[in-house]
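Have a look at target.txt; it's compact mmCIF, C-alpha atoms:
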# COMPACT_ATOMS: atom_id res chain seq x y z
CA MET A 1 59.08 128.98 -28.22
CA ARG A 2 57.81 132.31 -26.89
CA LEU A 3 60.07 131.99 -23.85
CA ALA A 4 63.08 131.48 -26.10
CA LEU A 5 62.15 134.58 -28.11
CA LEU A 6 61.72 136.64 -24.95
CA ILE A 7 65.12 135.53 -23.64
CA ALA A 8 66.76 136.29 -27.00
CA ALA A 9 65.13 139.74 -27.09
CA PHE A 10 66.28 140.48 -23.54
CA LEU A 11 69.88 139.48 -24.29
CA ALA A 12 69.89 141.53 -27.48
CA ALA A 13 68.69 144.59 -25.56
CA ALA A 14 71.49 144.32 -22.94
CA PRO A 15 74.26 146.89 -23.41
CA VAL A 16 76.94 145.52 -25.70
CA ALA A 17 79.75 147.07 -23.64
CA ALA A 18 78.60 145.22 -20.54
CA GLN A 19 78.80 141.94 -22.44
CA THR A 20 82.20 142.53 -24.03
CA THR A 21 84.34 144.60 -21.66
CA ASP A 22 87.78 143.03 -21.34
CA TRP A 23 88.93 144.40 -17.99
CA GLY A 24 92.22 142.49 -18.22
CA SER A 25 93.38 144.59 -21.16
CA ALA A 26 92.16 147.93 -19.76
CA ARG A 27 94.75 150.71 -19.93
CA GLN A 28 96.27 151.70 -16.59
CA PHE A 29 96.34 155.35 -15.56
CA ASP A 30 98.28 156.41 -12.46
CA LEU A 31 97.15 159.37 -10.41
CA LEU A 32 99.36 160.74 -7.64
CA ALA A 33 97.76 162.39 -4.62
CA LEU A 34 100.26 164.83 -3.12
CA PRO A 35 99.54 167.08 -0.12
CA ASP A 36 98.62 170.11 -2.27
CA GLU A 37 97.87 168.73 -5.76
CA PHE A 38 97.01 165.77 -7.97
CA GLN A 39 99.26 164.74 -10.85
CA PRO A 40 98.90 164.68 -13.77
CA ASN A 41 96.53 167.53 -14.36
CA PRO A 42 94.44 167.33 -16.47
CA ILE A 43 93.54 163.67 -16.77
CA ARG A 44 92.71 162.71 -20.38
CA LEU A 45 90.76 159.53 -21.02
CA GLU A 46 88.98 157.90 -23.97
CA ALA A 47 85.21 157.75 -23.75
CA GLY A 48 83.81 154.24 -23.76
CA GLN A 49 87.23 152.59 -23.29
CA PRO A 50 87.93 150.67 -20.07
CA VAL A 51 90.63 152.09 -17.84
CA LYS A 52 92.14 151.11 -14.50
CA LEU A 53 92.65 154.25 -12.43
CA ARG A 54 95.35 153.70 -9.82
CA PHE A 55 95.26 156.29 -7.05
CA PHE A 56 98.59 156.58 -5.19
CA ASN A 57 98.77 158.49 -1.91
CA LEU A 58 102.34 159.59 -1.23
CA GLY A 59 101.38 161.65 1.81
CA GLN A 60 101.51 160.99 5.54
CA SER A 61 97.73 161.08 6.00
CA ALA A 62 94.71 159.62 4.23
CA SER A 63 93.61 161.32 1.03
CA SER A 64 90.41 161.28 -0.98
CA PHE A 65 89.68 161.97 -4.62
CA SER A 66 86.22 163.46 -5.08
CA ALA A 67 84.61 163.49 -8.56
CA GLU A 68 80.89 162.93 -8.09
CA ASP A 69 79.75 163.66 -11.67
CA PHE A 70 82.58 161.65 -13.24
CA PHE A 71 81.94 158.56 -11.14
CA GLU A 72 78.16 158.85 -11.50
CA ALA A 73 78.46 158.83 -15.31
CA ALA A 74 80.94 155.92 -15.44
CA ARG A 75 80.28 152.19 -15.64
CA PHE A 76 82.37 150.17 -13.16
CA ARG A 77 84.04 146.79 -13.23
CA PRO A 78 81.97 144.44 -11.06
CA GLY A 79 82.78 145.14 -7.40
CA ASP A 80 84.68 148.39 -8.01
CA SER A 81 81.69 150.68 -7.49
CA GLU A 82 81.98 149.76 -3.79
CA LEU A 83 85.34 151.59 -3.73
CA VAL A 84 83.57 154.85 -4.58
CA VAL A 85 81.44 156.18 -1.73
CA ASP A 86 79.48 159.41 -2.22
CA GLY A 87 81.56 160.15 -5.33
CA ARG A 88 84.88 159.72 -3.49
CA VAL A 89 87.76 157.28 -3.49
CA GLN A 90 89.53 157.09 -0.12
CA VAL A 91 93.25 156.26 -0.22
CA PRO A 92 95.08 155.50 3.05
CA ALA A 93 98.48 157.13 3.63
CA GLY A 94 101.26 155.46 1.64
CA GLU A 95 98.89 153.12 -0.18
CA GLN A 96 97.14 152.76 -3.53
CA VAL A 97 93.61 151.97 -4.65
CA GLU A 98 92.64 150.73 -8.13
CA VAL A 99 89.23 151.43 -9.65
CA ALA A 100 88.40 150.07 -13.11
CA LEU A 101 85.70 151.82 -15.09
CA VAL A 102 84.47 152.87 -18.50
CA PRO A 103 84.27 156.69 -18.52
CA ALA A 104 81.51 158.66 -20.22
CA ALA A 105 82.38 161.56 -22.53
CA GLY A 106 82.49 164.97 -20.89
CA ARG A 107 84.52 167.48 -18.91
CA TYR A 108 84.59 166.86 -15.19
CA HIS A 109 86.09 168.58 -12.18
CA ALA A 110 87.60 166.69 -9.28
CA ARG A 111 89.07 167.82 -6.00
CA SER A 112 90.45 166.61 -2.75
CA GLY A 113 87.81 165.50 -0.29
CA ASN A 114 89.71 167.45 2.37
CA PRO A 115 88.61 171.14 2.53
CA LEU A 116 92.08 172.31 3.64
CA ARG A 117 93.76 170.60 0.69
CA ARG A 118 91.19 172.12 -1.68
CA ARG A 119 92.13 175.61 -0.43
CA VAL A 120 95.77 175.06 -1.37
CA GLY A 121 94.89 173.90 -4.87
CA ALA A 122 94.18 170.16 -4.78
CA ARG A 123 91.85 170.30 -7.79
CA ILE A 124 92.03 168.57 -11.16
CA ASP A 125 90.20 168.42 -14.50
CA ILE A 126 89.14 165.17 -16.15
CA ILE A 127 88.64 165.35 -19.92
CA VAL A 128 86.96 162.35 -21.55
CA GLU A 129 86.71 162.45 -25.35
Here is a file; write its structure as structure tokens.
Amino acid sequence: MRLALLIAAFLAAAPVAAQTTDWGSARQFDLLALPDEFQPNPIRLEAGQPVKLRFFNLGQSASSFSAEDFFEAARFRPGDSELVVDGRVQVPAGEQVEVALVPAAGRYHARSGNPLRRRVGARIDIIVE
């Protein structure tokens, strides 16, 4: 009986969002990585609502989207956290990468992982309300 109560208490303490997230119905949000900018800018997302971010690289070389604080605060779909390394999503030239997550409320800044692209303005704001 005590074991059953302990299990019930543990399950009740688990985050509700983790138990109920329907990744299949998550809203899709497309983000274009161009040589000197990201579009759209800013990105506006709903806090606590699952979203599938699709990063498209239309350039001739690999691109990365760096948003350490944003990704650190988010909760990922199982397996998708592996697509974010050191707060960055790498996107090969001419390809796309999808990362599903539940964003946390806040204002975040993101930039290209490439220092040269950052100098020419490849920065973006992420607003989660």
task = Using only C-alpha atoms, pick whichever of A:Gln60, A:Gln96, A:Ser66, A:Ser81 has the shortest atom-to-atom distance to A:Pro35.
result =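 Comparing A:Gln60, A:Gln96, A:Ser66, A:Ser81 against A:Pro35, the winner is A:Gln60.
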List every protein, DNA or RNA residue that has an atom no more than 7 Å from (90.3, 158.0, -16.8) in the file's coordinate frame, counting all atoms listed in the file, and report them as a PDB file with C-alpha atoms, in the frame of the given file.
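Full text of out-v6.pdb as output:
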ATOM      1  CA  PHE A  29      96.340 155.350 -15.560  1.00  0.00           C
ATOM      2  CA  ILE A  43      93.540 163.670 -16.770  1.00  0.00           C
ATOM      3  CA  ARG A  44      92.710 162.710 -20.380  1.00  0.00           C
ATOM      4  CA  LEU A  45      90.760 159.530 -21.020  1.00  0.00           C
ATOM      5  CA  VAL A  51      90.630 152.090 -17.840  1.00  0.00           C
ATOM      6  CA  LEU A  53      92.650 154.250 -12.430  1.00  0.00           C
ATOM      7  CA  PRO A 103      84.270 156.690 -18.520  1.00  0.00           C
TER       8      PRO A 103
END
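Coordinates place atom CA of A:Phe71 at a distance of 14.5 Å from atom CA of A:Gln49.
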message = What's around A:Pro50 at 12 Å? Count all atoms listed in the file, leave out sequence neighbours fewer than 2 positions away in its own chain, and write the answer as a list in words.
response =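 So, after excluding close chain neighbours, the residues are Ala17, Ala18, Thr20, Thr21, Asp22, Trp23, Gly24, Ser25, Ala26, Arg27, Gln28, Phe29, Leu45, Glu46, Ala47, Gly48, Lys52, Leu53, Ala74, Arg75, Phe76, Arg77, Val99, Ala100, Leu101, Val102, Pro103, Ala104 and Val128 of chain A.
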ask   = Distance atom CA of A:Glu82-atom CA of A:Ser63, one decimal place?
value = 17.1 Å
ask   = Looking at all atoms listed in the file, which of A:Asp86, A:Asp125, A:Asp69, A:Glu98 is the one that sits closest to A:Gln39?
value =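 Of all the options, A:Asp125 lies closest to A:Gln39.
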request  = Calculate how many Å separate atom CA of A:Glu129 from atom CA of A:Asn41, rounding to one decimal.
outcome  =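 So the answer is 15.6 Å.
Of the listed residues A:Ala93, A:Ala105, A:Leu83, A:Ala73, the one whose atoms come nearest to A:Leu58 is A:Ala93, with distances taken using only C-alpha atoms.
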Residue neighbourhood A:Asn57, 8 Å, only C-alpha atoms, exclusion window fewer than 5 positions, as a CSV table (one decimal) with C-alpha atoms, keeping the file's coordinate frame:
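What landed in part-v2.csv:
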chain,number,residue,atom,x,y,z
A,32,LEU,CA,99.4,160.7,-7.6
A,33,ALA,CA,97.8,162.4,-4.6
A,34,LEU,CA,100.3,164.8,-3.1
A,62,ALA,CA,94.7,159.6,4.2
A,63,SER,CA,93.6,161.3,1.0
A,91,VAL,CA,93.2,156.3,-0.2
A,92,PRO,CA,95.1,155.5,3.0
A,93,ALA,CA,98.5,157.1,3.6
A,94,GLY,CA,101.3,155.5,1.6
A,95,GLU,CA,98.9,153.1,-0.2
A,96,GLN,CA,97.1,152.8,-3.5
task = Might you pull out every residue within 6 Å of A:Arg54, with all atoms listed in the file counted and same-chain residues fewer than 4 positions away left off, and present them as a VMD selection string?
result = chain A and resid 30 to 31 97 to 98
Deliver the residues from the most recent selection as a file, using C-alpha atoms, as an mmCIF file, in the frame of the given file.
data_model
loop_
_atom_site.group_PDB
_atom_site.id
_atom_site.type_symbol
_atom_site.label_atom_id
_atom_site.label_comp_id
_atom_site.auth_asym_id
_atom_site.auth_seq_id
_atom_site.Cartn_x
_atom_site.Cartn_y
_atom_site.Cartn_z
ATOM 1 C CA ASP A 30 98.280 156.410 -12.460
ATOM 2 C CA LEU A 31 97.150 159.370 -10.410
ATOM 3 C CA VAL A 97 93.610 151.970 -4.650
ATOM 4 C CA GLU A 98 92.640 150.730 -8.130
#
